[in-house]
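File shown: start26.cif (mmCIF, C-alpha atoms).
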```cif
data_model
#
loop_
_atom_site.label_atom_id
_atom_site.label_comp_id
_atom_site.auth_asym_id
_atom_site.auth_seq_id
_atom_site.Cartn_x
_atom_site.Cartn_y
_atom_site.Cartn_z
CA MET A 1 0.00 0.00 0.00
CA PRO A 2 1.47 3.44 -0.92
CA HIS A 3 2.49 5.50 2.07
CA SER A 4 3.94 8.91 2.88
CA LEU A 5 6.32 9.88 5.66
CA ILE A 6 6.21 12.92 7.93
CA VAL A 7 9.51 13.07 9.80
CA THR A 8 10.39 15.52 12.57
CA SER A 9 13.87 15.98 14.00
CA ARG A 10 14.21 17.23 17.57
CA ILE A 11 18.00 17.38 17.23
CA HIS A 12 19.43 20.82 16.45
CA ASP A 13 22.74 19.58 15.01
CA PRO A 14 22.97 20.79 11.36
CA TRP A 15 25.30 17.99 10.30
CA PHE A 16 22.91 15.33 11.59
CA ASN A 17 19.86 17.06 10.14
CA LEU A 18 21.37 17.41 6.67
CA ALA A 19 22.53 13.80 6.87
CA LEU A 20 19.00 12.68 7.77
CA GLU A 21 17.66 14.63 4.78
CA GLU A 22 20.10 12.80 2.49
CA PHE A 23 19.24 9.49 4.20
CA LEU A 24 15.53 10.09 3.50
CA MET A 25 16.29 10.95 -0.12
CA GLN A 26 18.07 7.63 -0.49
CA LYS A 27 15.03 5.87 0.99
CA LEU A 28 12.82 7.45 -1.66
CA ILE A 29 15.32 6.62 -4.41
CA MET A 30 14.99 2.99 -3.38
CA ALA A 31 11.20 3.33 -3.55
CA VAL A 32 11.37 4.83 -7.04
CA ASN A 33 13.39 1.78 -8.04
CA GLY A 34 10.61 -0.48 -6.79
CA GLU A 35 12.12 -1.50 -3.44
CA SER A 36 9.28 -0.06 -1.31
CA ASP A 37 5.92 1.68 -1.63
CA LEU A 38 7.06 5.02 -0.16
CA SER A 39 5.56 7.84 -2.24
CA SER A 40 6.47 11.18 -0.60
CA ILE A 41 8.22 12.65 2.44
CA LEU A 42 7.87 15.84 4.49
CA TYR A 43 10.79 16.43 6.84
CA LEU A 44 10.71 19.25 9.45
CA TRP A 45 13.87 20.25 11.32
CA GLN A 46 15.72 23.09 13.07
CA ASN A 47 19.36 24.06 13.46
CA GLN A 48 20.87 26.06 16.30
CA ASN A 49 23.26 28.95 15.53
CA THR A 50 24.32 27.67 12.11
CA VAL A 51 25.48 29.11 8.81
CA VAL A 52 24.52 26.85 5.91
CA ILE A 53 26.23 27.44 2.57
CA GLY A 54 25.26 26.16 -0.87
CA ARG A 55 26.97 23.16 -2.42
CA ASN A 56 29.18 25.21 -4.75
CA GLN A 57 30.07 28.06 -2.41
CA ASN A 58 33.46 29.05 -0.99
CA ALA A 59 33.15 28.71 2.79
CA TRP A 60 35.80 31.31 3.60
CA ALA A 61 34.37 33.85 1.16
CA GLU A 62 30.80 33.47 2.42
CA CYS A 63 31.22 33.23 6.18
CA SER A 64 33.34 34.61 9.03
CA THR A 65 34.04 31.05 10.12
CA ALA A 66 36.36 31.90 13.02
CA GLN A 67 33.83 34.26 14.61
CA LEU A 68 30.99 31.80 14.07
CA GLU A 69 32.89 28.98 15.77
CA ALA A 70 34.17 31.24 18.56
CA GLU A 71 30.55 32.04 19.42
CA GLY A 72 29.53 28.39 19.49
CA GLY A 73 28.13 28.23 15.98
CA ARG A 74 28.61 25.67 13.24
CA LEU A 75 29.23 25.84 9.53
CA ALA A 76 27.33 23.37 7.36
CA ARG A 77 27.18 22.76 3.62
CA ARG A 78 23.96 21.50 2.05
CA SER A 79 23.54 19.36 -1.06
CA THR A 80 21.69 22.03 -3.07
CA GLY A 81 22.73 25.27 -4.75
CA GLY A 82 21.86 28.82 -3.75
CA GLY A 83 23.38 31.19 -1.24
CA ALA A 84 24.42 31.17 2.41
CA VAL A 85 21.78 31.43 5.14
CA PHE A 86 21.71 31.69 8.93
CA HIS A 87 19.65 29.21 10.99
CA ASP A 88 18.56 29.43 14.61
CA LEU A 89 15.69 28.01 16.63
CA GLY A 90 13.40 30.79 15.45
CA ASN A 91 13.51 29.25 11.98
CA LEU A 92 11.70 26.13 10.79
CA ASN A 93 13.34 24.17 7.99
CA PHE A 94 11.30 21.92 5.73
CA SER A 95 12.32 19.32 3.15
CA LEU A 96 9.85 18.04 0.59
CA LEU A 97 10.93 14.84 -1.18
CA LEU A 98 8.98 13.49 -4.16
CA PRO A 99 9.56 11.21 -7.15
CA GLU A 100 10.82 13.29 -10.06
CA ALA A 101 7.66 12.46 -12.02
CA ASP A 102 5.61 14.19 -9.30
CA PHE A 103 8.07 17.01 -8.63
CA ASN A 104 6.43 20.28 -9.66
CA LEU A 105 7.90 23.48 -8.22
CA ASP A 106 4.73 25.49 -8.81
CA ARG A 107 2.72 23.00 -6.77
CA ASN A 108 5.41 22.79 -4.10
CA PHE A 109 5.52 26.56 -3.67
CA GLN A 110 1.73 26.77 -3.63
CA MET A 111 1.66 24.29 -0.76
CA ILE A 112 3.96 26.52 1.29
CA VAL A 113 2.11 29.73 0.37
CA ASP A 114 -1.22 28.09 1.27
CA THR A 115 0.23 26.98 4.62
CA VAL A 116 1.00 30.54 5.62
CA ARG A 117 -2.21 31.98 4.20
CA LYS A 118 -4.30 29.54 6.23
CA GLU A 119 -2.55 30.99 9.30
CA GLY A 120 -3.84 34.44 8.37
CA ILE A 121 -0.72 35.85 6.70
CA ASP A 122 -0.86 36.92 3.06
CA ALA A 123 2.12 35.34 1.29
CA GLU A 124 3.32 35.23 -2.29
CA ARG A 125 6.06 33.58 -4.29
CA SER A 126 8.75 35.93 -5.58
CA GLY A 127 11.25 35.12 -8.30
CA ARG A 128 12.65 31.60 -8.49
CA ASN A 129 13.23 30.77 -4.84
CA ASP A 130 11.76 33.26 -2.34
CA ILE A 131 8.42 33.61 -0.57
CA LEU A 132 7.39 37.05 0.71
CA ALA A 133 4.90 38.51 3.14
CA ASP A 134 4.24 42.25 3.20
CA GLY A 135 6.95 42.57 0.55
CA LEU A 136 9.63 41.02 2.78
CA LYS A 137 11.26 37.60 2.55
CA PHE A 138 10.52 34.98 5.20
CA SER A 139 11.34 31.88 3.14
CA GLY A 140 14.29 31.00 0.90
CA ASN A 141 14.21 27.76 -1.09
CA ALA A 142 16.61 25.49 -2.97
CA PHE A 143 16.20 22.37 -5.10
CA ARG A 144 17.90 19.24 -6.35
CA ILE A 145 17.11 16.28 -8.59
CA ASN A 146 18.99 13.04 -7.86
CA LYS A 147 18.40 9.59 -9.35
CA GLY A 148 14.71 10.12 -10.01
CA VAL A 149 13.92 11.99 -6.77
CA GLY A 150 13.34 15.71 -6.31
CA LEU A 151 14.27 17.64 -3.17
CA HIS A 152 12.73 21.03 -2.37
CA HIS A 153 13.88 22.47 0.94
CA GLY A 154 13.73 25.88 2.53
CA THR A 155 13.38 28.12 5.56
CA LEU A 156 10.37 29.59 7.35
CA LEU A 157 11.34 32.48 9.64
CA VAL A 158 9.03 32.59 12.66
CA HIS A 159 11.00 34.50 15.29
CA SER A 160 14.58 34.22 14.07
CA ALA A 161 17.30 36.58 15.29
CA TYR A 162 18.16 37.22 11.66
CA ASP A 163 20.06 40.40 12.54
CA ARG A 164 22.92 38.01 13.36
CA VAL A 165 23.28 37.41 9.61
CA ALA A 166 25.49 40.50 9.46
CA ARG A 167 27.80 39.03 12.12
CA TYR A 168 28.67 35.93 10.16
CA LEU A 169 27.88 36.30 6.48
CA THR A 170 30.05 38.12 3.97
CA VAL A 171 27.62 39.31 1.32
CA ASN A 172 28.90 40.14 -2.16
CA PRO A 173 28.06 43.83 -2.85
CA ALA A 174 27.04 42.91 -6.41
CA LYS A 175 24.12 40.89 -5.04
CA LEU A 176 22.79 43.83 -3.06
CA ALA A 177 23.32 46.28 -5.91
CA SER A 178 21.45 44.05 -8.32
CA LYS A 179 18.44 44.05 -5.99
CA GLY A 180 18.59 47.79 -5.28
CA VAL A 181 18.65 47.39 -1.49
CA ALA A 182 20.91 48.74 1.21
CA SER A 183 21.31 45.67 3.41
CA VAL A 184 20.39 42.03 3.90
CA ARG A 185 18.42 42.84 7.03
CA SER A 186 16.06 45.21 5.23
CA ARG A 187 14.83 42.37 2.98
CA ILE A 188 13.87 39.88 5.71
CA THR A 189 10.95 39.55 8.13
CA ASN A 190 9.66 37.11 10.72
CA LEU A 191 6.14 35.75 10.54
CA GLN A 192 5.62 36.85 14.15
CA ALA A 193 6.06 40.44 12.97
CA LEU A 194 2.88 39.94 10.97
CA ARG A 195 1.04 37.64 13.37
CA PRO A 196 2.51 37.91 16.89
CA ASP A 197 0.76 34.82 18.26
CA ILE A 198 2.01 32.36 15.63
CA THR A 199 4.32 29.69 17.05
CA MET A 200 6.71 27.11 15.72
CA GLU A 201 4.31 24.35 16.75
CA MET A 202 1.41 26.00 14.91
CA LEU A 203 3.44 26.37 11.74
CA SER A 204 4.74 22.80 11.92
CA THR A 205 1.19 21.47 12.24
CA ALA A 206 0.05 23.72 9.39
CA MET A 207 2.85 22.40 7.16
CA GLU A 208 1.87 18.81 7.93
CA ASN A 209 -1.77 19.53 7.11
CA SER A 210 -0.86 21.24 3.83
CA PHE A 211 1.38 18.33 2.87
CA ILE A 212 -1.47 15.89 3.49
CA ARG A 213 -3.95 18.02 1.54
CA THR A 214 -1.56 18.45 -1.39
CA PHE A 215 0.05 15.02 -1.69
CA CYS A 216 -2.10 12.58 0.28
CA SER A 217 -5.64 13.62 -0.65
CA SER A 218 -8.21 12.74 -3.27
CA GLU A 219 -8.37 15.47 -5.92
CA GLU A 220 -12.14 15.02 -6.18
CA THR A 221 -12.93 15.42 -2.48
CA ASN A 222 -9.79 17.18 -1.19
CA ARG A 223 -9.98 14.76 1.73
CA GLU A 224 -7.29 12.52 3.01
CA ASP A 225 -7.01 9.42 0.83
CA ARG A 226 -7.45 6.53 3.26
CA SER A 227 -5.81 4.16 0.79
CA LEU A 228 -2.55 6.08 1.25
CA GLN A 229 -1.02 5.51 4.68
CA ILE A 230 0.65 8.42 6.48
CA GLU A 231 3.43 7.43 8.86
CA ARG A 232 4.88 9.87 11.38
CA LEU A 233 8.46 9.34 12.58
CA SER A 234 11.13 11.27 14.48
CA ASP A 235 14.93 11.29 14.44
CA GLU A 236 14.85 8.67 17.22
CA ASP A 237 13.36 6.14 14.82
CA PHE A 238 16.58 6.22 12.77
CA ALA A 239 19.05 6.34 15.67
CA GLY A 240 22.03 4.07 15.25
CA ASP A 241 21.48 3.32 11.57
CA PRO A 242 25.00 2.77 10.14
CA ALA A 243 24.17 4.53 6.86
CA LEU A 244 22.89 7.60 8.72
CA LEU A 245 25.94 7.64 10.99
CA ALA A 246 28.22 7.55 7.94
CA LEU A 247 26.31 10.41 6.30
CA THR A 248 26.53 12.47 9.49
CA GLU A 249 30.31 12.00 9.52
CA GLN A 250 30.42 13.11 5.88
CA PHE A 251 28.40 16.30 6.46
CA ALA A 252 30.48 17.11 9.56
CA SER A 253 33.82 16.54 7.82
CA TRP A 254 36.25 19.31 7.03
CA LYS A 255 36.52 18.13 3.44
CA TRP A 256 32.77 18.46 2.81
CA ARG A 257 32.30 21.76 4.66
CA PHE A 258 35.44 23.59 3.56
CA GLY A 259 36.97 21.65 0.70
CA GLU A 260 40.54 22.19 -0.39
CA SER A 261 42.24 25.58 -0.18
CA ILE A 262 44.15 25.91 -3.45
CA GLN A 263 46.15 28.81 -4.88
CA PHE A 264 44.73 29.24 -8.38
CA ASP A 265 46.59 30.57 -11.42
CA SER A 266 43.56 32.32 -12.91
CA LEU A 267 40.44 33.65 -11.24
CA ILE A 268 37.52 35.44 -12.90
CA GLU A 269 34.07 36.29 -11.66
CA ASP A 270 30.84 37.96 -12.68
CA LYS A 271 27.21 38.39 -11.63
CA PHE A 272 24.44 37.15 -13.93
CA ASP A 273 20.69 37.15 -13.45
CA TRP A 274 20.89 33.47 -12.39
CA GLY A 275 23.62 34.04 -9.79
CA HIS A 276 27.17 35.05 -8.94
CA ILE A 277 30.00 32.91 -10.31
CA GLN A 278 33.74 32.69 -9.62
CA ILE A 279 35.83 30.48 -11.91
CA CYS A 280 39.22 29.33 -10.60
CA LEU A 281 41.70 27.50 -12.83
CA ASN A 282 45.08 25.86 -12.28
CA VAL A 283 47.14 25.58 -15.44
CA HIS A 284 50.08 23.23 -16.11
CA GLN A 285 51.91 23.28 -19.45
CA GLY A 286 49.02 25.08 -21.12
CA ILE A 287 46.36 22.63 -19.90
CA VAL A 288 43.78 23.24 -17.16
CA SER A 289 44.93 20.74 -14.55
CA SER A 290 42.22 21.56 -12.01
CA ALA A 291 39.16 23.76 -11.89
CA GLN A 292 36.79 25.00 -9.23
CA ILE A 293 33.66 27.10 -9.56
CA TYR A 294 32.10 28.90 -6.62
CA SER A 295 28.53 30.01 -7.22
CA ASP A 296 25.19 30.62 -5.56
CA ALA A 297 23.33 29.41 -8.66
CA LEU A 298 20.40 27.16 -7.79
CA ASP A 299 21.34 24.58 -10.44
CA CYS A 300 24.34 23.07 -8.64
CA ASP A 301 24.45 20.00 -10.91
CA PHE A 302 24.99 22.26 -13.92
CA ILE A 303 27.89 23.97 -12.14
CA ASP A 304 29.49 20.59 -11.38
CA THR A 305 29.22 19.64 -15.06
CA VAL A 306 30.95 22.85 -16.14
CA ILE A 307 33.79 22.18 -13.70
CA ASN A 308 34.34 18.74 -15.23
CA CYS A 309 34.31 19.97 -18.83
CA LEU A 310 36.98 22.61 -18.09
CA LYS A 311 39.42 20.09 -16.61
CA GLY A 312 41.89 18.86 -19.20
CA ALA A 313 41.02 21.58 -21.73
CA ARG A 314 43.66 23.79 -23.34
CA PHE A 315 44.07 27.11 -21.55
CA HIS A 316 42.67 29.24 -24.34
CA SER A 317 39.54 31.38 -24.05
CA LYS A 318 37.92 30.03 -27.20
CA VAL A 319 38.70 26.40 -26.36
CA LEU A 320 37.32 26.76 -22.83
CA ALA A 321 34.20 28.54 -24.05
CA GLU A 322 33.59 25.85 -26.68
CA ALA A 323 34.01 23.13 -24.05
CA VAL A 324 31.30 24.72 -21.91
CA LEU A 325 28.91 25.12 -24.84
CA LEU A 326 29.56 21.59 -26.10
CA HIS A 327 29.34 19.65 -22.86
CA ALA A 328 26.98 21.65 -20.66
CA PRO A 329 23.69 19.77 -20.25
CA GLU A 330 20.53 20.98 -21.92
CA GLY A 331 17.24 21.63 -20.19
CA ASP A 332 15.79 23.85 -17.52
CA GLY A 333 17.71 24.53 -14.33
CA PHE A 334 14.86 25.38 -11.95
CA GLY A 335 13.49 28.24 -14.02
CA ILE A 336 16.64 29.19 -15.93
CA SER A 337 17.71 27.80 -19.30
CA ARG A 338 20.93 25.84 -18.99
CA ARG A 339 21.78 26.96 -22.53
CA LYS A 340 21.62 30.58 -21.35
CA MET A 341 23.83 29.79 -18.36
CA ALA A 342 26.34 28.08 -20.65
CA GLU A 343 26.33 31.05 -23.04
CA ASP A 344 26.89 33.49 -20.16
CA ILE A 345 29.86 31.47 -18.86
CA ALA A 346 31.28 31.01 -22.36
CA GLY A 347 31.00 34.76 -22.95
CA LEU A 348 32.84 35.45 -19.70
CA LEU A 349 35.64 33.07 -20.71
CA LEU A 350 35.90 34.58 -24.20
CA ALA A 351 36.15 38.07 -22.74
CA GLN A 352 39.36 37.15 -20.89
CA GLY A 353 41.37 36.97 -24.13
CA TRP A 354 43.53 34.07 -22.93
#
```
When written as structure tokens, how does the structure in this file appear?
Amino acid sequence: MPHSLIVTSRIHDPWFNLALEEFLMQKLIMAVNGESDLSSILYLWQNQNTVVIGRNQNAWAECSTAQLEAEGGRLARRSTGGGAVFHDLGNLNFSLLLPEADFNLDRNFQMIVDTVRKEGIDAERSGRNDILADGLKFSGNAFRINKGVGLHHGTLLVHSAYDRVARYLTVNPAKLASKGVASVRSRITNLQALRPDITMEMLSTAMENSFIRTFCSSEETNREDRSLQIERLSDEDFAGDPALLALTEQFASWKWRFGESIQFDSLIEDKFDWGHIQICLNVHQGIVSSAQIYSDALDCDFIDTVINCLKGARFHSKVLAEAVLLHAPEGDGFGISRRKMAEDIAGLLLAQGW
């Protein structure tokens, strides 16, 4: 019988919580391959005093890591693209996991917007990955497709001390200039600023109800489909699982969170409408021996592909640009054409005149 999972973590360790998210994705991948009847997952979790960076971001460039750690905070790196964010216990994180065939961003976003609206707060989707109330952002979102399963996760600011963002995050001035704003703080709000009596528990329950209405209900009656079982679990139900322990070690590791610190021969960067990008190349005997790209682009898999196609190419602007255009994958990268992204990067490489 098909069933959905609603999982809640009471642990506030970001490395464990991100590992559990990956663990749940692997469970759904197995289901997509016919190994179980799991059909969808909602995962709710919170991190304490944490900076979470996107998969392709430079930890040192995005965060004052020494200050964060000196004040008891933790740096974490997620599996999706996008920019750096600050988490505390005034923020509720959600992860929505669905088979790729059922993964529709418009429907996902509508579920979240409807959740907040049913709590009396007028919300609206803005751009590719934000949700606003009263013109201010309270939810940032990121996405990933992996082996037939889609992940949509994001933040819901309830009573977060988001003014601490300025203490830890190093924001690229180009991002602020492109949005015509003076500071990060001016763009953000808490839901309690709009409805003072809303609580974390209320919002968690509202998210669960919206998930059930959207993914576990009959379209004709909008009532819970009794033929689809809903199972509620917590982090304790997975305690001691060797695969989860291994994933937690991975997300906590220096290599995953910081990566290698390499002195690059060539470094170029630019800001496009799909995100900021910094291309770093090491060159040996006229050949790109290693490459790294730091970016807050949402389509992190595209960025990884570009990195791979630059490695081994001749260090010549035209050759590098052609490699990107030839090997970059086609399709839509969460609202942005991958062809356009490839053309932007190729144009940046051509402009260097190498």
Please evaluate the PyMOL selection byres ((chain A and resi 332) around 12) against the displayed coordinates and give the resulting residues as a PDB file with C-alpha atoms, in the frame of the given file.
```pdb
ATOM      1  CA  ILE A 145      17.110  16.280  -8.590  1.00  0.00           C
ATOM      2  CA  LEU A 298      20.400  27.160  -7.790  1.00  0.00           C
ATOM      3  CA  ASP A 299      21.340  24.580 -10.440  1.00  0.00           C
ATOM      4  CA  ASP A 301      24.450  20.000 -10.910  1.00  0.00           C
ATOM      5  CA  PHE A 302      24.990  22.260 -13.920  1.00  0.00           C
ATOM      6  CA  ALA A 328      26.980  21.650 -20.660  1.00  0.00           C
ATOM      7  CA  PRO A 329      23.690  19.770 -20.250  1.00  0.00           C
ATOM      8  CA  GLU A 330      20.530  20.980 -21.920  1.00  0.00           C
ATOM      9  CA  GLY A 331      17.240  21.630 -20.190  1.00  0.00           C
ATOM     10  CA  GLY A 333      17.710  24.530 -14.330  1.00  0.00           C
ATOM     11  CA  PHE A 334      14.860  25.380 -11.950  1.00  0.00           C
ATOM     12  CA  GLY A 335      13.490  28.240 -14.020  1.00  0.00           C
ATOM     13  CA  ILE A 336      16.640  29.190 -15.930  1.00  0.00           C
ATOM     14  CA  SER A 337      17.710  27.800 -19.300  1.00  0.00           C
ATOM     15  CA  ARG A 338      20.930  25.840 -18.990  1.00  0.00           C
ATOM     16  CA  ARG A 339      21.780  26.960 -22.530  1.00  0.00           C
ATOM     17  CA  LYS A 340      21.620  30.580 -21.350  1.00  0.00           C
ATOM     18  CA  MET A 341      23.830  29.790 -18.360  1.00  0.00           C
ATOM     19  CA  ALA A 342      26.340  28.080 -20.650  1.00  0.00           C
TER      20      ALA A 342
END
```
* Quick one: of A:Thr199, A:Ser210, A:Gln229, A:Asn108, who's nearest to A:Asp37, counting all atoms listed in the file? -> A:Gln229
* Pick the closest to A:Arg195 from A:Ile121, A:Ala291, A:Ile212, A:Leu169: which is it, counting only C-alpha atoms? -> A:Ile121
Quick one: residues within 7 Å of (27.8, 20.9, -19.6) (file frame), counting all atoms listed in the file, please, as a compact mmCIF listing (two decimals) with C-alpha atoms, in the frame of the given file.
```txt
# COMPACT_ATOMS: atom_id res chain seq x y z
CA PHE A 302 24.99 22.26 -13.92
CA THR A 305 29.22 19.64 -15.06
CA VAL A 306 30.95 22.85 -16.14
CA CYS A 309 34.31 19.97 -18.83
CA VAL A 324 31.30 24.72 -21.91
CA LEU A 325 28.91 25.12 -24.84
CA LEU A 326 29.56 21.59 -26.10
CA HIS A 327 29.34 19.65 -22.86
CA ALA A 328 26.98 21.65 -20.66
CA PRO A 329 23.69 19.77 -20.25
```
I'd like the residues picked by the PyMOL selection byres ((chain A and resi 38) around 8) written out as a PDB file with C-alpha atoms, keeping the file's coordinate frame, using the chain letters and numbers from the file.
```
ATOM      1  CA  PRO A   2       1.470   3.440  -0.920  1.00  0.00           C
ATOM      2  CA  HIS A   3       2.490   5.500   2.070  1.00  0.00           C
ATOM      3  CA  SER A   4       3.940   8.910   2.880  1.00  0.00           C
ATOM      4  CA  LEU A   5       6.320   9.880   5.660  1.00  0.00           C
ATOM      5  CA  LEU A  28      12.820   7.450  -1.660  1.00  0.00           C
ATOM      6  CA  ALA A  31      11.200   3.330  -3.550  1.00  0.00           C
ATOM      7  CA  SER A  36       9.280  -0.060  -1.310  1.00  0.00           C
ATOM      8  CA  ASP A  37       5.920   1.680  -1.630  1.00  0.00           C
ATOM      9  CA  SER A  39       5.560   7.840  -2.240  1.00  0.00           C
ATOM     10  CA  SER A  40       6.470  11.180  -0.600  1.00  0.00           C
TER      11      SER A  40
END
```
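Evaluated against this file, the PyMOL selection byres ((chain A and resi 74) around 8) yields A:Pro14, A:Asn49, A:Thr50, A:Val51, A:Leu68, A:Glu69, A:Gly72, A:Gly73, A:Leu75, A:Ala76.
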Give me a file of those residues, with C-alpha atoms, as a short mmCIF file (atom, residue, chain, number, x, y, z; two decimals), in the coordinates of the input.
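Final output, again-v9.cif:
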```
data_model
loop_
_atom_site.label_atom_id
_atom_site.label_comp_id
_atom_site.auth_asym_id
_atom_site.auth_seq_id
_atom_site.Cartn_x
_atom_site.Cartn_y
_atom_site.Cartn_z
CA PRO A 14 22.97 20.79 11.36
CA ASN A 49 23.26 28.95 15.53
CA THR A 50 24.32 27.67 12.11
CA VAL A 51 25.48 29.11 8.81
CA LEU A 68 30.99 31.80 14.07
CA GLU A 69 32.89 28.98 15.77
CA GLY A 72 29.53 28.39 19.49
CA GLY A 73 28.13 28.23 15.98
CA LEU A 75 29.23 25.84 9.53
CA ALA A 76 27.33 23.37 7.36
#
```
* Asked: If you count all atoms listed in the file, which residues fall within 7 Å of A:Thr8, apart from same-chain ones fewer than 6 positions away, as an MDAnalysis selection string?
  -> chainID A and resid 43:45 233:235
* Asked: Which value, in Å to one decimal, gives the distance between atom CA of A:Thr115 and atom CA of A:Ile198?
  ->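 Taking atom CA of A:Thr115 as the start and atom CA of A:Ile198 as the end point, the length is 12.4 Å.
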* Asked: Between A:Gly135, A:Gly240, A:Gly82, A:Gly148, which is the closest to A:Phe103 once you count all atoms listed in the file?
  ->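 Ranking A:Gly135, A:Gly240, A:Gly82, A:Gly148 by distance to A:Phe103, first place goes to A:Gly148.
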* To do: Go through A:Leu349, A:Ile303, A:Leu96, A:Ala246 and flag the residue nearest A:Trp15, using all atoms listed in the file for the distances.
  => A:Ala246
* How many Å lie between atom CA of A:Leu132 and atom CA of A:Asp88, rounded to one decimal? -> 19.4 Å
Output, as lines of an AutoDock Vina configuration file, the centre and edge lengths in Å (one decimal) of the axis-aligned box that contains all listed atoms of stretch 33-43 of chain A with 5 Å of margin on each side.
```
center_x = 9.5
center_y = 7.5
center_z = -0.6
size_x = 17.8
size_y = 27.9
size_z = 24.9
```
* Quick one: distance from atom CA of A:Val158 to atom CA of A:Asn190 in Å, one decimal? ->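 Rounded to one decimal, the two atoms are 5.0 Å apart.
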* Would you be able to write out as JSON, numbers by chain which residues have an atom within 9 Å of (36.1, 26.1, 4.1) in the file's coordinates, counting all atoms listed in the file? => {"A": [58, 59, 60, 61, 63, 65, 75, 254, 255, 256, 257, 258, 259, 260, 261]}
* **Shell of 6 Å around A:Gly150, all atoms listed in the file, local chain residues under 4 positions omitted, as JSON, numbers by chain** => {"A": [97, 98, 99, 100, 103, 144, 145]}
* Structure fact -> Across A:Gly127, A:Gly54, A:Gly353, A:Gly140, the smallest distance to A:Asn93, with all atoms listed in the file counted, is shown by A:Gly140
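Among the candidates A:Val149, A:Ser64, A:Asn104, A:Ser139, the residue lying nearest to A:Met30 is A:Val149 (atoms considered: all atoms listed in the file).
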Write out N, CA and C atoms for stretch 102-113 of chain A, as a PDB file, in the coordinates of the input.
```
ATOM      1  N   ASP A 102       6.598  13.407 -10.039  1.00  0.00           N
ATOM      2  CA  ASP A 102       5.610  14.190  -9.300  1.00  0.00           C
ATOM      3  C   ASP A 102       6.161  15.518  -8.794  1.00  0.00           C
ATOM      4  N   PHE A 103       7.388  15.832  -9.176  1.00  0.00           N
ATOM      5  CA  PHE A 103       8.070  17.010  -8.630  1.00  0.00           C
ATOM      6  C   PHE A 103       7.739  18.232  -9.484  1.00  0.00           C
ATOM      7  N   ASN A 104       6.887  19.094  -8.949  1.00  0.00           N
ATOM      8  CA  ASN A 104       6.430  20.280  -9.660  1.00  0.00           C
ATOM      9  C   ASN A 104       6.636  21.486  -8.748  1.00  0.00           C
ATOM     10  N   LEU A 105       7.569  22.360  -9.095  1.00  0.00           N
ATOM     11  CA  LEU A 105       7.900  23.480  -8.220  1.00  0.00           C
ATOM     12  C   LEU A 105       6.714  24.400  -7.984  1.00  0.00           C
ATOM     13  N   ASP A 106       5.901  24.622  -8.998  1.00  0.00           N
ATOM     14  CA  ASP A 106       4.730  25.490  -8.810  1.00  0.00           C
ATOM     15  C   ASP A 106       3.817  24.928  -7.728  1.00  0.00           C
ATOM     16  N   ARG A 107       3.578  23.615  -7.777  1.00  0.00           N
ATOM     17  CA  ARG A 107       2.720  23.000  -6.770  1.00  0.00           C
ATOM     18  C   ARG A 107       3.383  23.014  -5.402  1.00  0.00           C
ATOM     19  N   ASN A 108       4.687  22.753  -5.373  1.00  0.00           N
ATOM     20  CA  ASN A 108       5.410  22.790  -4.100  1.00  0.00           C
ATOM     21  C   ASN A 108       5.294  24.162  -3.435  1.00  0.00           C
ATOM     22  N   PHE A 109       5.580  25.203  -4.217  1.00  0.00           N
ATOM     23  CA  PHE A 109       5.520  26.560  -3.670  1.00  0.00           C
ATOM     24  C   PHE A 109       4.097  26.901  -3.227  1.00  0.00           C
ATOM     25  N   GLN A 110       3.111  26.468  -4.001  1.00  0.00           N
ATOM     26  CA  GLN A 110       1.730  26.770  -3.630  1.00  0.00           C
ATOM     27  C   GLN A 110       1.374  26.133  -2.304  1.00  0.00           C
ATOM     28  N   MET A 111       1.903  24.935  -2.040  1.00  0.00           N
ATOM     29  CA  MET A 111       1.660  24.290  -0.760  1.00  0.00           C
ATOM     30  C   MET A 111       2.168  25.144   0.393  1.00  0.00           C
ATOM     31  N   ILE A 112       3.371  25.713   0.228  1.00  0.00           N
ATOM     32  CA  ILE A 112       3.960  26.520   1.290  1.00  0.00           C
ATOM     33  C   ILE A 112       3.199  27.841   1.443  1.00  0.00           C
ATOM     34  N   VAL A 113       2.871  28.477   0.328  1.00  0.00           N
ATOM     35  CA  VAL A 113       2.110  29.730   0.370  1.00  0.00           C
ATOM     36  C   VAL A 113       0.752  29.498   1.042  1.00  0.00           C
TER      37      VAL A 113
END
```
